[in-house]
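Quick look at my_file05.tsv (TSV, C-alpha atoms):
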```tsv
chain	number	residue	atom	x	y	z
A	2	MET	CA	-38.77	18.74	-37.56
A	3	LYS	CA	-35.94	18.40	-35.07
A	4	LYS	CA	-33.58	21.23	-34.64
A	5	THR	CA	-29.92	20.40	-35.24
A	6	LEU	CA	-28.08	21.26	-32.04
A	7	THR	CA	-24.45	22.14	-31.63
A	8	ASN	CA	-22.38	20.25	-29.04
A	9	GLU	CA	-22.58	23.15	-26.62
A	10	GLU	CA	-26.32	23.52	-27.05
A	11	PHE	CA	-26.90	19.85	-26.46
A	12	ASP	CA	-24.65	19.73	-23.39
A	13	SER	CA	-26.52	22.65	-21.92
A	14	LEU	CA	-29.86	21.10	-22.78
A	15	TRP	CA	-28.83	17.73	-21.37
A	16	GLN	CA	-27.69	19.19	-18.08
A	17	ARG	CA	-30.97	21.07	-17.73
A	18	ALA	CA	-32.91	17.91	-18.68
A	19	GLU	CA	-31.16	15.87	-15.99
A	20	VAL	CA	-31.95	18.53	-13.37
A	21	GLU	CA	-35.55	18.89	-14.43
A	22	GLY	CA	-36.17	15.17	-14.94
A	23	TYR	CA	-36.85	14.89	-18.64
A	24	ALA	CA	-33.51	13.38	-19.71
A	25	SER	CA	-35.14	10.07	-20.71
A	26	GLN	CA	-37.52	11.90	-23.04
A	27	LEU	CA	-34.63	13.85	-24.50
A	28	SER	CA	-32.64	10.64	-25.10
A	29	LYS	CA	-35.57	9.28	-27.14
A	30	GLU	CA	-35.66	12.44	-29.21
A	31	TYR	CA	-31.93	12.49	-29.78
A	32	PRO	CA	-30.65	8.83	-29.46
A	33	ALA	CA	-27.38	9.54	-31.23
A	34	TRP	CA	-26.64	12.34	-28.83
A	35	ARG	CA	-27.34	10.13	-25.86
A	36	THR	CA	-24.82	7.61	-27.16
A	37	ARG	CA	-22.29	10.37	-27.57
A	38	GLN	CA	-22.96	11.61	-24.05
A	39	ARG	CA	-22.36	8.13	-22.65
A	40	ARG	CA	-19.14	7.85	-24.63
A	41	ILE	CA	-17.90	11.16	-23.25
A	42	THR	CA	-18.76	10.12	-19.70
A	43	GLY	CA	-16.98	6.78	-20.21
A	44	MET	CA	-13.89	8.48	-21.59
A	45	ALA	CA	-13.82	10.81	-18.59
A	46	SER	CA	-13.83	7.81	-16.24
A	47	VAL	CA	-11.02	6.09	-18.14
A	48	THR	CA	-8.99	9.30	-18.13
A	49	LEU	CA	-9.49	9.66	-14.37
A	50	VAL	CA	-8.33	6.08	-13.65
A	51	ALA	CA	-5.32	6.46	-15.96
A	52	ALA	CA	-4.33	9.66	-14.19
A	53	MET	CA	-4.62	7.96	-10.78
A	54	ILE	CA	-2.44	5.05	-11.92
A	55	ALA	CA	0.11	7.48	-13.35
A	56	VAL	CA	0.30	9.16	-9.93
A	57	ALA	CA	0.49	5.84	-8.05
A	58	VAL	CA	3.08	3.99	-10.15
A	59	PRO	CA	6.09	6.07	-9.05
A	60	MET	CA	5.16	5.19	-5.44
A	61	LEU	CA	5.56	1.43	-6.06
A	62	PRO	CA	8.41	-0.02	-4.03
A	63	ALA	CA	11.18	-1.84	-5.87
A	64	GLY	CA	10.40	-5.49	-6.46
A	65	HIS	CA	6.70	-5.08	-5.87
A	66	SER	CA	5.91	-7.99	-8.19
A	67	GLY	CA	5.74	-10.68	-5.52
A	68	TYR	CA	8.73	-10.08	-3.30
A	69	GLY	CA	11.08	-7.47	-1.95
A	70	LYS	CA	14.71	-8.53	-1.93
A	71	VAL	CA	16.54	-11.85	-2.21
A	72	TYR	CA	19.76	-12.59	-0.36
A	73	SER	CA	21.65	-15.71	-1.36
A	74	ASN	CA	25.02	-17.29	-0.75
A	75	ARG	CA	25.01	-18.72	-4.29
A	76	GLU	CA	25.67	-16.72	-7.42
A	77	GLY	CA	24.06	-17.84	-10.65
A	78	ILE	CA	20.71	-18.75	-9.17
A	79	ALA	CA	18.04	-16.32	-10.37
A	80	GLU	CA	16.01	-14.54	-7.71
A	81	THR	CA	12.82	-15.81	-9.31
A	82	GLN	CA	13.98	-19.41	-8.81
A	83	TRP	CA	14.20	-18.82	-5.07
A	84	VAL	CA	10.83	-17.08	-5.03
A	85	ASN	CA	9.28	-19.96	-6.97
A	86	LEU	CA	10.82	-22.44	-4.53
A	87	ALA	CA	9.31	-20.50	-1.62
A	88	SER	CA	5.93	-20.89	-3.30
A	89	GLU	CA	6.39	-24.54	-4.27
A	90	MET	CA	7.46	-25.60	-0.79
A	91	LEU	CA	4.04	-24.57	0.45
A	92	LEU	CA	2.47	-26.93	-2.06
A	93	ASP	CA	4.58	-29.76	-0.69
A	94	ALA	CA	3.53	-29.07	2.89
J	29	MET	CA	-9.40	5.14	-4.11
J	30	ILE	CA	-6.07	6.95	-3.92
J	31	LEU	CA	-6.09	6.39	-0.16
J	32	LEU	CA	-6.78	2.69	-0.75
J	33	MET	CA	-3.84	2.48	-3.18
J	34	LEU	CA	-1.54	4.25	-0.74
J	35	ALA	CA	-2.58	1.94	2.10
J	36	THR	CA	-1.99	-1.12	-0.05
J	37	PHE	CA	1.44	-0.03	-1.20
J	38	ALA	CA	2.41	1.00	2.31
J	39	GLY	CA	1.57	-2.51	3.55
J	40	CYS	CA	3.61	-4.14	0.82
J	41	SER	CA	6.56	-1.85	1.26
J	42	SER	CA	7.08	-2.60	4.95
J	43	HIS	CA	10.13	-4.75	4.35
J	44	LYS	CA	11.12	-6.49	7.55
J	45	GLY	CA	14.05	-8.40	6.15
J	46	GLU	CA	16.48	-5.57	5.67
J	47	GLN	CA	19.27	-7.92	6.79
J	48	PRO	CA	19.60	-11.70	6.47
J	49	ASN	CA	18.47	-13.32	9.68
J	50	ALA	CA	20.39	-15.64	12.01
J	51	ILE	CA	19.19	-18.89	10.43
J	52	TYR	CA	20.25	-17.68	6.99
J	53	GLN	CA	23.65	-16.64	8.29
J	54	LYS	CA	24.19	-19.94	10.11
J	55	TYR	CA	23.80	-22.07	6.97
J	56	ALA	CA	25.06	-19.57	4.38
J	57	SER	CA	28.52	-19.77	5.89
J	58	GLN	CA	28.67	-23.58	5.78
J	59	GLU	CA	29.84	-25.79	2.95
J	60	GLY	CA	27.15	-27.88	1.29
J	61	PHE	CA	24.24	-25.50	1.65
J	62	SER	CA	22.61	-23.13	-0.84
J	63	VAL	CA	20.69	-20.60	1.17
J	64	ALA	CA	18.41	-17.69	0.32
J	65	GLN	CA	16.29	-15.22	2.20
J	66	VAL	CA	13.34	-13.83	0.28
J	67	SER	CA	12.18	-10.69	2.03
J	68	SER	CA	8.58	-9.54	1.74
J	69	PHE	CA	7.32	-12.62	-0.08
J	70	GLU	CA	3.79	-11.46	-0.85
J	71	ILE	CA	1.03	-13.80	0.21
J	72	ASN	CA	-1.84	-11.49	-0.67
J	73	ASP	CA	-2.43	-7.87	-1.65
J	74	THR	CA	-1.52	-6.48	1.76
J	75	LEU	CA	0.56	-9.08	3.61
J	76	ALA	CA	4.10	-10.25	3.04
J	77	VAL	CA	6.42	-12.51	5.03
J	78	ASP	CA	10.13	-13.20	5.01
J	79	VAL	CA	11.17	-16.68	3.90
J	80	VAL	CA	14.47	-18.49	4.44
J	81	LEU	CA	15.23	-21.41	2.12
J	82	ILE	CA	17.97	-23.90	2.92
J	83	VAL	CA	18.88	-26.42	0.24
J	84	ALA	CA	21.30	-29.24	1.03
J	85	ASP	CA	23.64	-29.66	-1.90
J	86	ASN	CA	24.41	-33.30	-1.13
J	87	ASP	CA	23.33	-36.23	1.04
J	88	ASP	CA	25.76	-35.41	3.83
J	89	ALA	CA	24.43	-31.86	4.05
J	90	TRP	CA	20.84	-33.14	4.05
J	91	HIS	CA	21.74	-35.56	6.82
J	92	GLN	CA	22.94	-32.62	8.90
J	93	LEU	CA	19.94	-30.47	7.98
J	94	SER	CA	17.41	-33.19	8.81
J	95	PHE	CA	19.22	-33.77	12.11
J	96	ASP	CA	19.16	-30.03	12.94
J	97	PHE	CA	15.44	-29.80	12.21
J	98	ASP	CA	14.54	-33.18	13.67
J	99	VAL	CA	13.20	-34.53	10.37
J	100	ARG	CA	13.12	-38.30	10.62
J	101	GLY	CA	13.25	-40.71	7.72
J	102	ASN	CA	12.11	-39.99	4.19
J	103	GLU	CA	8.40	-40.11	4.79
J	104	GLY	CA	7.69	-37.11	2.57
J	105	SER	CA	7.28	-33.43	3.24
J	106	ILE	CA	6.27	-32.32	6.69
J	107	SER	CA	5.47	-28.96	8.22
J	108	TRP	CA	5.12	-27.54	11.68
J	109	LEU	CA	5.08	-24.32	13.67
J	110	ALA	CA	8.15	-23.42	15.67
J	111	PRO	CA	9.47	-20.64	17.91
J	112	ILE	CA	11.68	-18.13	16.09
J	113	ASP	CA	14.72	-19.07	18.16
J	114	ASN	CA	14.23	-22.84	17.93
J	115	PRO	CA	12.96	-23.91	14.50
J	116	ALA	CA	13.31	-27.63	15.27
J	117	LEU	CA	10.79	-27.45	18.10
J	118	ARG	CA	7.16	-28.23	17.29
J	119	ALA	CA	4.91	-25.54	18.74
J	120	SER	CA	1.29	-24.42	18.67
J	121	TRP	CA	-0.05	-20.92	18.18
J	122	ASN	CA	0.50	-18.33	20.89
J	123	SER	CA	0.81	-14.57	20.83
J	124	GLU	CA	4.49	-14.68	19.89
J	125	PRO	CA	5.84	-14.53	16.31
J	126	LEU	CA	6.40	-18.02	14.97
J	127	LEU	CA	7.95	-19.85	12.07
J	128	ARG	CA	6.09	-22.14	9.75
J	129	VAL	CA	8.66	-24.71	8.77
J	130	VAL	CA	8.31	-26.98	5.73
J	131	ALA	CA	10.83	-29.77	5.20
J	132	SER	CA	11.00	-31.67	1.93
J	133	PRO	CA	13.35	-34.70	1.81
J	134	ASP	CA	12.71	-35.04	-1.93
J	135	ARG	CA	14.02	-31.53	-2.52
J	136	ARG	CA	16.53	-31.76	0.36
J	137	THR	CA	15.12	-28.38	1.34
J	138	VAL	CA	13.84	-26.68	4.46
J	139	ALA	CA	11.74	-23.50	4.12
J	140	LEU	CA	10.99	-21.19	7.03
J	141	TYR	CA	8.16	-18.63	6.78
J	142	MET	CA	8.30	-15.93	9.44
J	143	LEU	CA	4.90	-15.11	10.84
J	144	ASP	CA	4.36	-12.12	13.09
J	145	ASP	CA	0.76	-12.89	13.99
J	146	ILE	CA	-2.23	-15.12	13.36
J	147	SER	CA	-3.40	-13.03	10.39
J	148	GLN	CA	-0.19	-13.87	8.54
J	149	TYR	CA	-0.60	-17.53	9.37
J	150	GLU	CA	-4.16	-17.52	8.05
J	151	ALA	CA	-3.09	-15.61	4.93
J	152	LEU	CA	-0.32	-18.12	4.33
J	153	MET	CA	-2.82	-20.99	4.56
J	154	ASP	CA	-5.12	-19.17	2.14
J	155	TYR	CA	-2.21	-18.64	-0.24
J	156	GLN	CA	-1.37	-22.34	-0.05
J	157	LEU	CA	-4.98	-23.29	-0.71
J	158	ASN	CA	-5.24	-20.89	-3.65
J	159	GLN	CA	-2.04	-22.23	-5.21
J	160	MET	CA	-3.32	-25.80	-4.88
J	161	THR	CA	-6.64	-24.81	-6.41
J	162	LYS	CA	-4.83	-23.32	-9.41
J	163	LEU	CA	-3.06	-26.63	-10.00
J	164	ASN	CA	-6.29	-28.65	-9.95
```

What does this structure look like when you write it as structure tokens?
Amino acid sequence: MKKTLTNEEFDSLWQRAEVEGYASQLSKEYPAWRTRQRRITGMASVTLVAAMIAVAVPMLPAGHSGYGKVYSNREGIAETQWVNLASEMLLDA
Amino acid sequence: MILLMLATFAGCSSHKGEQPNAIYQKYASQEGFSVAQVSSFEINDTLAVDVVLIVADNDDAWHQLSFDFDVRGNEGSISWLAPIDNPALRASWNSEPLLRVVASPDRRTVALYMLDDISQYEALMDYQLNQMTKLN
């Protein structure tokens, strides 16, 4: 009969199993725990990436989405229209 | 990865066009022309170029523009490389910064893409190819 492990006990056991090379055997014995371990590892990765993006976003320069600044001698023409024209002219070339 | 992000953003944030350039200023002050300068027009994740767009508002203005840029007839859009200080002159690649000029009689528009080096020229061609691929 399998012993019911607490989270802490399993984490400790899993770490020891990975070091000593019997993690695959342990995952067969406790498949639900292995799934949980993977989920925790996945969540840690997602959290890390989210934290990195949160740090990086304030460093984005203004107008990063495709162009920097638009000067024009005509009011009433949206900046994006000029940017689109710059792109479309290349298709005409 | 953080270093990669920083390098990427640093490349994109190097805005060259802090002021409108001479070609922009020449046409922006004339009647009959709508002119814009798009600074740091991104052509890929790390490269951006400045673009000047000159649109003739009427036939007379287009006549002048096509004369200035030596665009003959209405044979369709044409493009060429030109020295920065003489955009009407047809040039080939050298070590100097160049313009890629595109003239479209249908749109009565001339676009000038400012290229500092060959890598920007190649990136611009890749951008053009990618945009065409998206349409097909």

Counting all atoms listed in the file, collect the residues of chain A whose closest atom lies at most 7 Å from chain J, and write them out as a list of chain:residue names.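 Residues of chain A within 7 Å of chain J, counting all atoms listed in the file: A:Leu61, A:Pro62, A:Gly67, A:Tyr68, A:Gly69, A:Lys70, A:Val71, A:Tyr72, A:Ser73, A:Asn74, A:Arg75, A:Trp83, A:Val84, A:Ala87, A:Met90, A:Leu91, A:Leu92, A:Asp93, A:Ala94.
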
Problem - Residues within 12 Å of Trp121 of chain J, only C-alpha atoms, excluding chain neighbours under 6 positions, as number ranges by chain - result: J: 108-111, 127-128, 143-150

* **Computed interatomic separation between atom CA of Asn122 of chain J and atom CA of Met142 of chain J (Å)** =>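 The value is 14.1 Å.
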
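The space between atom CA of Thr74 of chain J and atom CA of Glu80 of chain A spans 21.5 Å.
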
Quiz item: What separation in Å, quoted to one decimal, exists between atom CA of Lys162 of chain J and atom CA of Glu89 of chain A?
Solution: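 Atom CA of Glu89 of chain A lies 12.4 Å from atom CA of Lys162 of chain J.
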